[in-house]
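entry_22.pdb, holding PDB, C-alpha atoms:
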```pdb
MODEL        1
ATOM      1  CA  MET A   1       0.000   0.000   0.000  1.00  0.00           C
ATOM      2  CA  CYS A   2       1.288   3.483  -0.782  1.00  0.00           C
ATOM      3  CA  SER A   3       0.329   7.001   0.252  1.00  0.00           C
ATOM      4  CA  PHE A   4      -1.605   9.441  -1.917  1.00  0.00           C
ATOM      5  CA  ARG A   5       1.659  11.226  -2.624  1.00  0.00           C
ATOM      6  CA  GLN A   6       3.407   8.059  -3.746  1.00  0.00           C
ATOM      7  CA  PHE A   7       0.362   6.944  -5.746  1.00  0.00           C
ATOM      8  CA  PHE A   8       0.025  10.199  -7.682  1.00  0.00           C
ATOM      9  CA  THR A   9       3.749  10.462  -8.283  1.00  0.00           C
ATOM     10  CA  LYS A  10       3.891   6.924  -9.679  1.00  0.00           C
ATOM     11  CA  SER A  11       0.706   7.487 -11.711  1.00  0.00           C
ATOM     12  CA  ALA A  12       2.063  10.692 -13.183  1.00  0.00           C
ATOM     13  CA  ALA A  13       5.303   9.019 -14.215  1.00  0.00           C
ATOM     14  CA  SER A  14       3.388   6.166 -15.819  1.00  0.00           C
ATOM     15  CA  LEU A  15       1.051   8.460 -17.723  1.00  0.00           C
ATOM     16  CA  ARG A  16       3.925  10.638 -18.893  1.00  0.00           C
ATOM     17  CA  ALA A  17       5.595   7.574 -20.349  1.00  0.00           C
ATOM     18  CA  HIS A  18       2.507   6.768 -22.408  1.00  0.00           C
ATOM     19  CA  SER A  19       1.379  10.281 -23.317  1.00  0.00           C
ATOM     20  CA  GLY A  20       2.248  11.748 -26.681  1.00  0.00           C
ATOM     21  CA  LYS A  21       0.595  15.106 -26.123  1.00  0.00           C
ATOM     22  CA  VAL A  22       2.764  18.011 -25.060  1.00  0.00           C
ATOM     23  CA  ALA A  23      -0.022  19.750 -23.153  1.00  0.00           C
ATOM     24  CA  SER A  24      -0.934  16.620 -21.232  1.00  0.00           C
ATOM     25  CA  SER A  25       2.728  15.970 -20.536  1.00  0.00           C
ATOM     26  CA  LYS A  26       3.154  19.437 -19.016  1.00  0.00           C
ATOM     27  CA  ILE A  27       0.147  18.894 -16.769  1.00  0.00           C
ATOM     28  CA  LEU A  28       1.421  15.511 -15.678  1.00  0.00           C
ATOM     29  CA  MET A  29       4.934  16.845 -15.094  1.00  0.00           C
ATOM     30  CA  ALA A  30       3.424  19.341 -12.664  1.00  0.00           C
ATOM     31  CA  MET A  31       1.367  16.742 -10.802  1.00  0.00           C
ATOM     32  CA  PRO A  32       4.101  15.401  -8.478  1.00  0.00           C
ATOM     33  CA  ALA A  33       5.038  18.948  -7.475  1.00  0.00           C
ATOM     34  CA  ALA A  34       1.391  19.702  -6.739  1.00  0.00           C
ATOM     35  CA  VAL A  35       1.071  16.591  -4.659  1.00  0.00           C
ATOM     36  CA  GLU A  36       4.296  17.393  -2.780  1.00  0.00           C
ATOM     37  CA  ALA A  37       2.774  20.790  -1.992  1.00  0.00           C
ATOM     38  CA  MET A  38      -0.319  19.187  -0.443  1.00  0.00           C
ATOM     39  CA  PRO A  39      -0.600  19.493   3.317  1.00  0.00           C
ATOM     40  CA  LEU A  40       0.746  16.400   5.038  1.00  0.00           C
ATOM     41  CA  LYS A  41      -2.676  15.667   6.528  1.00  0.00           C
ATOM     42  CA  ALA A  42      -4.311  15.560   3.092  1.00  0.00           C
ATOM     43  CA  ALA A  43      -1.500  13.608   1.472  1.00  0.00           C
ATOM     44  CA  ALA A  44      -1.460  11.003   4.234  1.00  0.00           C
ATOM     45  CA  VAL A  45      -5.195  10.239   4.072  1.00  0.00           C
ATOM     46  CA  ARG A  46      -5.672   6.632   2.997  1.00  0.00           C
ATOM     47  CA  ALA A  47      -7.941   5.967   0.014  1.00  0.00           C
ATOM     48  CA  TYR A  48     -10.399   3.076   0.042  1.00  0.00           C
ATOM     49  CA  SER A  49     -13.548   2.636  -1.989  1.00  0.00           C
ATOM     50  CA  SER A  50     -15.566   1.418   0.994  1.00  0.00           C
ATOM     51  CA  ILE A  51     -14.941   4.342   3.353  1.00  0.00           C
ATOM     52  CA  ASP A  52     -14.697   8.129   3.180  1.00  0.00           C
ATOM     53  CA  SER A  53     -11.055   8.641   4.181  1.00  0.00           C
ATOM     54  CA  THR A  54     -11.342  12.410   4.383  1.00  0.00           C
ATOM     55  CA  LYS A  55     -14.390  12.165   6.634  1.00  0.00           C
ATOM     56  CA  LEU A  56     -12.546   9.693   8.858  1.00  0.00           C
ATOM     57  CA  ALA A  57      -9.487  11.963   9.087  1.00  0.00           C
ATOM     58  CA  GLU A  58     -11.690  14.931  10.020  1.00  0.00           C
ATOM     59  CA  ARG A  59     -13.460  12.917  12.709  1.00  0.00           C
ATOM     60  CA  THR A  60     -10.120  11.768  14.126  1.00  0.00           C
ATOM     61  CA  GLU A  61      -8.986  15.396  14.245  1.00  0.00           C
ATOM     62  CA  ARG A  62     -12.113  16.336  16.204  1.00  0.00           C
ATOM     63  CA  LEU A  63     -11.660  13.429  18.618  1.00  0.00           C
ATOM     64  CA  LEU A  64      -8.022  14.294  19.295  1.00  0.00           C
ATOM     65  CA  ALA A  65      -8.949  17.953  19.765  1.00  0.00           C
ATOM     66  CA  ALA A  66     -11.623  16.930  22.283  1.00  0.00           C
ATOM     67  CA  LYS A  67      -9.077  14.771  24.106  1.00  0.00           C
ATOM     68  CA  GLY A  68      -6.708  17.733  24.286  1.00  0.00           C
ATOM     69  CA  GLN A  69      -9.444  20.037  25.580  1.00  0.00           C
ATOM     70  CA  SER A  70     -10.474  17.525  28.224  1.00  0.00           C
ATOM     71  CA  GLY A  71      -6.937  17.242  29.581  1.00  0.00           C
ATOM     72  CA  LEU A  72      -7.300  13.460  29.693  1.00  0.00           C
ATOM     73  CA  SER A  73      -4.402  11.149  28.931  1.00  0.00           C
ATOM     74  CA  TYR A  74      -4.833   7.825  27.139  1.00  0.00           C
ATOM     75  CA  GLU A  75      -4.278   6.216  30.539  1.00  0.00           C
ATOM     76  CA  ASP A  76      -7.211   8.257  31.901  1.00  0.00           C
ATOM     77  CA  LEU A  77      -9.417   7.237  28.968  1.00  0.00           C
ATOM     78  CA  ALA A  78      -8.394   3.612  29.389  1.00  0.00           C
ATOM     79  CA  SER A  79      -9.483   3.708  33.045  1.00  0.00           C
ATOM     80  CA  SER A  80     -12.792   5.375  32.141  1.00  0.00           C
ATOM     81  CA  LEU A  81     -13.562   2.907  29.342  1.00  0.00           C
ATOM     82  CA  GLY A  82     -12.154  -0.192  31.014  1.00  0.00           C
ATOM     83  CA  VAL A  83      -9.780  -0.968  28.133  1.00  0.00           C
ATOM     84  CA  THR A  84      -6.025  -0.939  27.548  1.00  0.00           C
ATOM     85  CA  ASN A  85      -4.394   2.415  26.852  1.00  0.00           C
ATOM     86  CA  THR A  86      -3.454   1.407  23.313  1.00  0.00           C
ATOM     87  CA  TYR A  87      -7.033   0.342  22.596  1.00  0.00           C
ATOM     88  CA  ALA A  88      -8.236   3.735  23.821  1.00  0.00           C
ATOM     89  CA  ALA A  89      -5.844   5.327  21.335  1.00  0.00           C
ATOM     90  CA  GLN A  90      -7.008   2.965  18.580  1.00  0.00           C
ATOM     91  CA  LEU A  91     -10.599   4.071  19.146  1.00  0.00           C
ATOM     92  CA  LEU A  92      -9.758   7.760  18.698  1.00  0.00           C
ATOM     93  CA  LEU A  93      -7.568   7.043  15.664  1.00  0.00           C
ATOM     94  CA  GLY A  94     -10.315   5.087  13.887  1.00  0.00           C
ATOM     95  CA  GLN A  95      -8.528   1.743  14.157  1.00  0.00           C
ATOM     96  CA  ALA A  96     -11.068   0.055  16.459  1.00  0.00           C
ATOM     97  CA  ARG A  97     -14.858  -0.030  16.765  1.00  0.00           C
ATOM     98  CA  LEU A  98     -16.561   1.548  19.762  1.00  0.00           C
ATOM     99  CA  SER A  99     -19.077  -0.613  21.620  1.00  0.00           C
ATOM    100  CA  LYS A 100     -22.430   0.709  22.839  1.00  0.00           C
ATOM    101  CA  GLU A 101     -21.252   0.452  26.434  1.00  0.00           C
ATOM    102  CA  GLY A 102     -17.985   2.150  25.522  1.00  0.00           C
ATOM    103  CA  ALA A 103     -19.844   4.986  23.798  1.00  0.00           C
ATOM    104  CA  ALA A 104     -21.725   5.846  26.989  1.00  0.00           C
ATOM    105  CA  LYS A 105     -18.482   5.852  28.982  1.00  0.00           C
ATOM    106  CA  LEU A 106     -16.632   7.914  26.344  1.00  0.00           C
ATOM    107  CA  GLN A 107     -19.427  10.485  26.236  1.00  0.00           C
ATOM    108  CA  GLU A 108     -19.258  10.784  30.017  1.00  0.00           C
ATOM    109  CA  ALA A 109     -15.476  11.212  29.888  1.00  0.00           C
ATOM    110  CA  MET A 110     -15.579  13.709  26.990  1.00  0.00           C
ATOM    111  CA  PRO A 111     -19.053  15.314  26.915  1.00  0.00           C
ATOM    112  CA  GLN A 112     -18.018  17.693  24.128  1.00  0.00           C
ATOM    113  CA  LEU A 113     -18.084  14.825  21.589  1.00  0.00           C
ATOM    114  CA  SER A 114     -20.943  15.080  19.113  1.00  0.00           C
ATOM    115  CA  ALA A 115     -23.676  12.449  18.864  1.00  0.00           C
ATOM    116  CA  GLU A 116     -22.791  12.059  15.171  1.00  0.00           C
ATOM    117  CA  ASP A 117     -19.165  11.159  15.888  1.00  0.00           C
ATOM    118  CA  LEU A 118     -20.107   8.724  18.644  1.00  0.00           C
ATOM    119  CA  GLU A 119     -22.644   7.076  16.344  1.00  0.00           C
ATOM    120  CA  ALA A 120     -20.115   6.764  13.518  1.00  0.00           C
ATOM    121  CA  MET A 121     -17.556   5.217  15.877  1.00  0.00           C
ATOM    122  CA  GLN A 122     -20.111   2.513  16.728  1.00  0.00           C
ATOM    123  CA  ASN A 123     -21.634   1.880  13.309  1.00  0.00           C
ATOM    124  CA  GLU A 124     -18.667   2.032  10.925  1.00  0.00           C
ATOM    125  CA  TYR A 125     -16.332  -0.923  10.516  1.00  0.00           C
ATOM    126  CA  PRO A 126     -12.686   0.225  10.771  1.00  0.00           C
ATOM    127  CA  MET A 127     -10.252  -0.277   7.906  1.00  0.00           C
ATOM    128  CA  ARG A 128      -7.405  -1.465  10.107  1.00  0.00           C
ATOM    129  CA  SER A 129      -4.239  -0.546   8.271  1.00  0.00           C
ATOM    130  CA  TYR A 130      -1.389   1.941   8.143  1.00  0.00           C
ATOM    131  CA  ASP A 131       0.375   4.203   5.685  1.00  0.00           C
ATOM    132  CA  ASP A 132       3.891   2.999   4.811  1.00  0.00           C
ATOM    133  CA  ALA A 133       5.191   6.499   5.513  1.00  0.00           C
ATOM    134  CA  ILE A 134       4.633   5.960   9.252  1.00  0.00           C
ATOM    135  CA  LEU A 135       7.754   3.749   9.299  1.00  0.00           C
ATOM    136  CA  LYS A 136       9.798   6.891   8.675  1.00  0.00           C
ATOM    137  CA  GLU A 137       8.744   8.185  12.101  1.00  0.00           C
ATOM    138  CA  PRO A 138      11.633   7.338  14.477  1.00  0.00           C
ATOM    139  CA  ASN A 139       9.531   6.111  17.394  1.00  0.00           C
ATOM    140  CA  VAL A 140       7.511   3.772  15.180  1.00  0.00           C
ATOM    141  CA  TYR A 141      10.550   2.636  13.211  1.00  0.00           C
ATOM    142  CA  ARG A 142      12.520   1.752  16.346  1.00  0.00           C
ATOM    143  CA  THR A 143       9.615  -0.368  17.630  1.00  0.00           C
ATOM    144  CA  PHE A 144       9.352  -2.078  14.240  1.00  0.00           C
ATOM    145  CA  GLU A 145      13.121  -2.591  14.183  1.00  0.00           C
ATOM    146  CA  ALA A 146      13.101  -4.150  17.662  1.00  0.00           C
ATOM    147  CA  ILE A 147      10.374  -6.633  16.712  1.00  0.00           C
ATOM    148  CA  THR A 148      12.061  -7.605  13.448  1.00  0.00           C
ATOM    149  CA  HIS A 149      15.531  -7.810  15.029  1.00  0.00           C
ATOM    150  CA  TYR A 150      14.286 -10.094  17.798  1.00  0.00           C
ATOM    151  CA  GLY A 151      11.677 -11.755  15.569  1.00  0.00           C
ATOM    152  CA  GLU A 152      13.409 -15.091  15.026  1.00  0.00           C
ATOM    153  CA  SER A 153      14.230 -15.425  18.712  1.00  0.00           C
ATOM    154  CA  ILE A 154      10.654 -14.543  19.687  1.00  0.00           C
ATOM    155  CA  LYS A 155       9.344 -17.143  17.217  1.00  0.00           C
ATOM    156  CA  SER A 156      11.711 -19.791  18.562  1.00  0.00           C
ATOM    157  CA  ILE A 157      10.603 -19.201  22.147  1.00  0.00           C
ATOM    158  CA  ILE A 158       6.902 -19.187  21.187  1.00  0.00           C
ATOM    159  CA  ASN A 159       7.421 -22.514  19.392  1.00  0.00           C
ATOM    160  CA  GLU A 160       9.344 -23.931  22.337  1.00  0.00           C
ATOM    161  CA  GLN A 161       6.758 -22.899  24.909  1.00  0.00           C
ATOM    162  CA  CYS A 162       3.516 -23.232  22.936  1.00  0.00           C
ATOM    163  CA  GLY A 163       4.163 -25.417  19.901  1.00  0.00           C
ATOM    164  CA  ASP A 164       3.796 -24.837  16.165  1.00  0.00           C
ATOM    165  CA  GLY A 165       1.649 -21.725  15.784  1.00  0.00           C
ATOM    166  CA  ILE A 166       1.403 -17.963  16.052  1.00  0.00           C
ATOM    167  CA  MET A 167       0.309 -15.221  18.417  1.00  0.00           C
ATOM    168  CA  SER A 168      -3.054 -13.737  17.471  1.00  0.00           C
ATOM    169  CA  ALA A 169      -3.242  -9.994  16.875  1.00  0.00           C
ATOM    170  CA  ILE A 170      -7.072 -10.153  17.041  1.00  0.00           C
ATOM    171  CA  ASP A 171      -7.605 -11.900  20.380  1.00  0.00           C
ATOM    172  CA  PHE A 172      -4.933  -9.543  21.597  1.00  0.00           C
ATOM    173  CA  TYR A 173      -4.124  -6.964  24.256  1.00  0.00           C
ATOM    174  CA  CYS A 174      -1.431  -4.300  24.058  1.00  0.00           C
ATOM    175  CA  ASP A 175      -0.391  -1.990  26.869  1.00  0.00           C
ATOM    176  CA  VAL A 176       2.272   0.717  26.903  1.00  0.00           C
ATOM    177  CA  GLY A 177       3.770   1.868  30.167  1.00  0.00           C
ATOM    178  CA  THR A 178       6.968   2.976  31.811  1.00  0.00           C
ATOM    179  CA  THR A 179       9.263   1.854  34.561  1.00  0.00           C
ATOM    180  CA  THR A 180      12.347   3.312  36.226  1.00  0.00           C
ATOM    181  CA  GLY A 181      15.751   1.756  35.606  1.00  0.00           C
ATOM    182  CA  LYS A 182      18.319   1.202  38.328  1.00  0.00           C
ATOM    183  CA  HIS A 183      20.105   4.416  37.326  1.00  0.00           C
ATOM    184  CA  GLY A 184      16.903   6.439  37.648  1.00  0.00           C
ATOM    185  CA  GLU A 185      16.200   6.590  33.903  1.00  0.00           C
ATOM    186  CA  LYS A 186      12.689   6.267  32.493  1.00  0.00           C
ATOM    187  CA  ARG A 187      12.203   3.090  30.455  1.00  0.00           C
ATOM    188  CA  VAL A 188       9.397   2.070  28.077  1.00  0.00           C
ATOM    189  CA  VAL A 189       7.515  -1.188  28.651  1.00  0.00           C
ATOM    190  CA  ILE A 190       5.321  -2.589  25.856  1.00  0.00           C
ATOM    191  CA  THR A 191       3.262  -5.688  26.605  1.00  0.00           C
ATOM    192  CA  PHE A 192       1.811  -7.930  23.879  1.00  0.00           C
ATOM    193  CA  ASN A 193      -0.729 -10.453  25.158  1.00  0.00           C
ATOM    194  CA  GLY A 194      -2.118 -12.550  22.304  1.00  0.00           C
ATOM    195  CA  LYS A 195      -3.916 -15.864  22.172  1.00  0.00           C
ATOM    196  CA  PHE A 196      -1.799 -18.721  20.838  1.00  0.00           C
ATOM    197  CA  LEU A 197      -3.178 -20.110  17.582  1.00  0.00           C
ATOM    198  CA  PRO A 198      -1.771 -23.528  16.625  1.00  0.00           C
ATOM    199  CA  PHE A 199      -1.354 -24.555  13.020  1.00  0.00           C
ATOM    200  CA  ILE A 200      -3.635 -27.502  12.253  1.00  0.00           C
ATOM    201  CA  GLU A 201      -3.081 -30.669  10.310  1.00  0.00           C
ATOM    202  CA  GLN A 202      -5.402 -30.392   7.337  1.00  0.00           C
ATOM    203  CA  SER A 203      -7.232 -33.660   7.866  1.00  0.00           C
ATOM    204  CA  ALA A 204      -9.626 -34.451   5.016  1.00  0.00           C
ATOM    205  CA  ASP A 205     -12.169 -35.835   7.484  1.00  0.00           C
ATOM    206  CA  ASP A 206     -12.329 -32.519   9.332  1.00  0.00           C
ATOM    207  CA  ASN A 207     -12.660 -30.386   6.187  1.00  0.00           C
ATOM    208  CA  GLY A 208     -16.241 -29.124   6.087  1.00  0.00           C
ATOM    209  CA  ALA A 209     -15.934 -27.743   2.550  1.00  0.00           C
ATOM    210  CA  LYS A 210     -16.476 -30.083  -0.373  1.00  0.00           C
ATOM    211  CA  SER A 211     -13.213 -30.875  -2.117  1.00  0.00           C
ATOM    212  CA  PRO A 212     -12.956 -29.777  -5.780  1.00  0.00           C
ATOM    213  CA  ARG A 213     -11.317 -33.163  -6.356  1.00  0.00           C
ATOM    214  CA  SER A 214     -14.519 -34.994  -5.401  1.00  0.00           C
TER
ENDMDL
END
```

Could you render the structure from this file as structure tokens?
Amino acid sequence: MCSFRQFFTKSAASLRAHSGKVASSKILMAMPAAVEAMPLKAAAVRAYSSIDSTKLAERTERLLAAKGQSGLSYEDLASSLGVTNTYAAQLLLGQARLSKEGAAKLQEAMPQLSAEDLEAMQNEYPMRSYDDAILKEPNVYRTFEAITHYGESIKSIINEQCGDGIMSAIDFYCDVGTTTGKHGEKRVVITFNGKFLPFIEQSADDNGAKSPRS
């Protein structure tokens, strides 16, 4: 998946290569520059046919503004909603769906939220994804780098302790916190708690779908 900026830049280059018209070529040559000049917020909006990405980005902006006005931290919201702090963040960022019970608690915590936004958070199914450009952000990249660097070791220990399978990222809890090191420094603690999902032997007798070979 690529960002709007990457998409338009690649599209412009492709169209230029196949365009024989000087006027069209000039327009297309200018397209990447125009896209580069777009505000970051607009350029970073993800495009999907099933959701209004601009509307989602605007709602997220309103939710984050309301959070700022309320003075609540994600830890505060997590306590109010009864969820992990990362899940509270996911809700505001449009990456998780708000339950009916959660909506009542969120409205109590941030009464300035509109009924329309709370309704949309409950009724719309999130497009859980990310823009590749986020990996250029140092905090995100370092977390990604740590997981990939230790990935093989993590896999080996999961296999050793649980068997042949994977950790679910759906039946999953993530918490971010801090602790103090022995020299007094603040340290980041990220906890992943996912259900173990074993790989199955694909027994023909257990296959409920009719085989195309039958």

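Distance annotation: of A:Asp131, A:Asp175, A:Glu61, A:Glu137, the residue with the minimal separation from Asp117 of chain A is A:Glu61; atom set is only C-alpha atoms.
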
Gln90 of chain A environment, 12 Å, all atoms listed in the file, sequence neighbours closer than 3 positions dropped, as a tab-separated table (two decimals) with C-alpha atoms, in the coordinates of the input:
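Output below, filename part.tsv:
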```
chain	number	residue	atom	x	y	z
A	60	THR	CA	-10.12	11.77	14.13
A	63	LEU	CA	-11.66	13.43	18.62
A	64	LEU	CA	-8.02	14.29	19.30
A	74	TYR	CA	-4.83	7.82	27.14
A	77	LEU	CA	-9.42	7.24	28.97
A	78	ALA	CA	-8.39	3.61	29.39
A	83	VAL	CA	-9.78	-0.97	28.13
A	84	THR	CA	-6.02	-0.94	27.55
A	85	ASN	CA	-4.39	2.42	26.85
A	86	THR	CA	-3.45	1.41	23.31
A	87	TYR	CA	-7.03	0.34	22.60
A	93	LEU	CA	-7.57	7.04	15.66
A	94	GLY	CA	-10.32	5.09	13.89
A	95	GLN	CA	-8.53	1.74	14.16
A	96	ALA	CA	-11.07	0.06	16.46
A	97	ARG	CA	-14.86	-0.03	16.76
A	98	LEU	CA	-16.56	1.55	19.76
A	121	MET	CA	-17.56	5.22	15.88
A	126	PRO	CA	-12.69	0.22	10.77
A	127	MET	CA	-10.25	-0.28	7.91
A	128	ARG	CA	-7.40	-1.46	10.11
A	129	SER	CA	-4.24	-0.55	8.27
A	130	TYR	CA	-1.39	1.94	8.14
A	173	TYR	CA	-4.12	-6.96	24.26
A	174	CYS	CA	-1.43	-4.30	24.06
A	175	ASP	CA	-0.39	-1.99	26.87
```

Assuming 4 Å of padding per side, give the centre and edge lengths of the axis-aligned box around every listed atom of segment 100-118 of chain A, in Å to one decimal and as AutoDock Vina command-line options.
```
--center_x -19.6 --center_y 9.1 --center_z 22.6 --size_x 16.2 --size_y 25.2 --size_z 22.8
```

Within 12 Å of segment 143-156 of chain A: each segment 36-139 of chain A residue with its shortest pair, only C-alpha atoms, as a tab-separated table:
```
residue	atom	partner	partner_atom	distance
A:Ile134	CA	A:Phe144	CA	10.6
A:Leu135	CA	A:Phe144	CA	7.8
A:Lys136	CA	A:Phe144	CA	10.6
A:Glu137	CA	A:Thr143	CA	10.2
A:Pro138	CA	A:Thr143	CA	8.6
A:Asn139	CA	A:Thr143	CA	6.5
```

Contacts of Ala66 of chain A at 12 Å or less, counting all atoms listed in the file, minus same-chain residues fewer than 4 places along, as an MDAnalysis selection string? chainID A and resid 59:62 70:73 77 92 106:107 109:114 117

Could you spell out the hits of the PyMOL selection byres ((chain A and resi 177) around 9) on the shown file, as a short mmCIF file (atom, residue, chain, number, x, y, z; two decimals) with C-alpha atoms, in the coordinates of the input?
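Output (selection-v6.cif):
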```cif
data_model
loop_
_atom_site.label_atom_id
_atom_site.label_comp_id
_atom_site.auth_asym_id
_atom_site.auth_seq_id
_atom_site.Cartn_x
_atom_site.Cartn_y
_atom_site.Cartn_z
CA ASN A 85 -4.39 2.42 26.85
CA ASP A 175 -0.39 -1.99 26.87
CA VAL A 176 2.27 0.72 26.90
CA THR A 178 6.97 2.98 31.81
CA THR A 179 9.26 1.85 34.56
CA ARG A 187 12.20 3.09 30.46
CA VAL A 188 9.40 2.07 28.08
CA VAL A 189 7.52 -1.19 28.65
CA ILE A 190 5.32 -2.59 25.86
CA THR A 191 3.26 -5.69 26.60
#
```

Quick check, in Å to one decimal: how far apart do atom CA of Thr54 of chain A and atom CA of Gly102 of chain A lie?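 Result for atom CA of Thr54 of chain A versus atom CA of Gly102 of chain A: 24.4 Å, one decimal.
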
Kindly give the distance, in Å, that separates atom CA of Leu81 of chain A and atom CA of Glu101 of chain A, rounded to a single decimal.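 It comes out at 8.6 Å.
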
Within 12 Å of Ile158 of chain A using all atoms listed in the file, minus same-chain residues under 6 positions, as a list in words: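 In the requested form, the answer reads Gly151, Glu152, Asp164, Gly165, Ile166, Met167, Ser168, Gly194, Lys195, Phe196, Leu197 and Pro198 of chain A.
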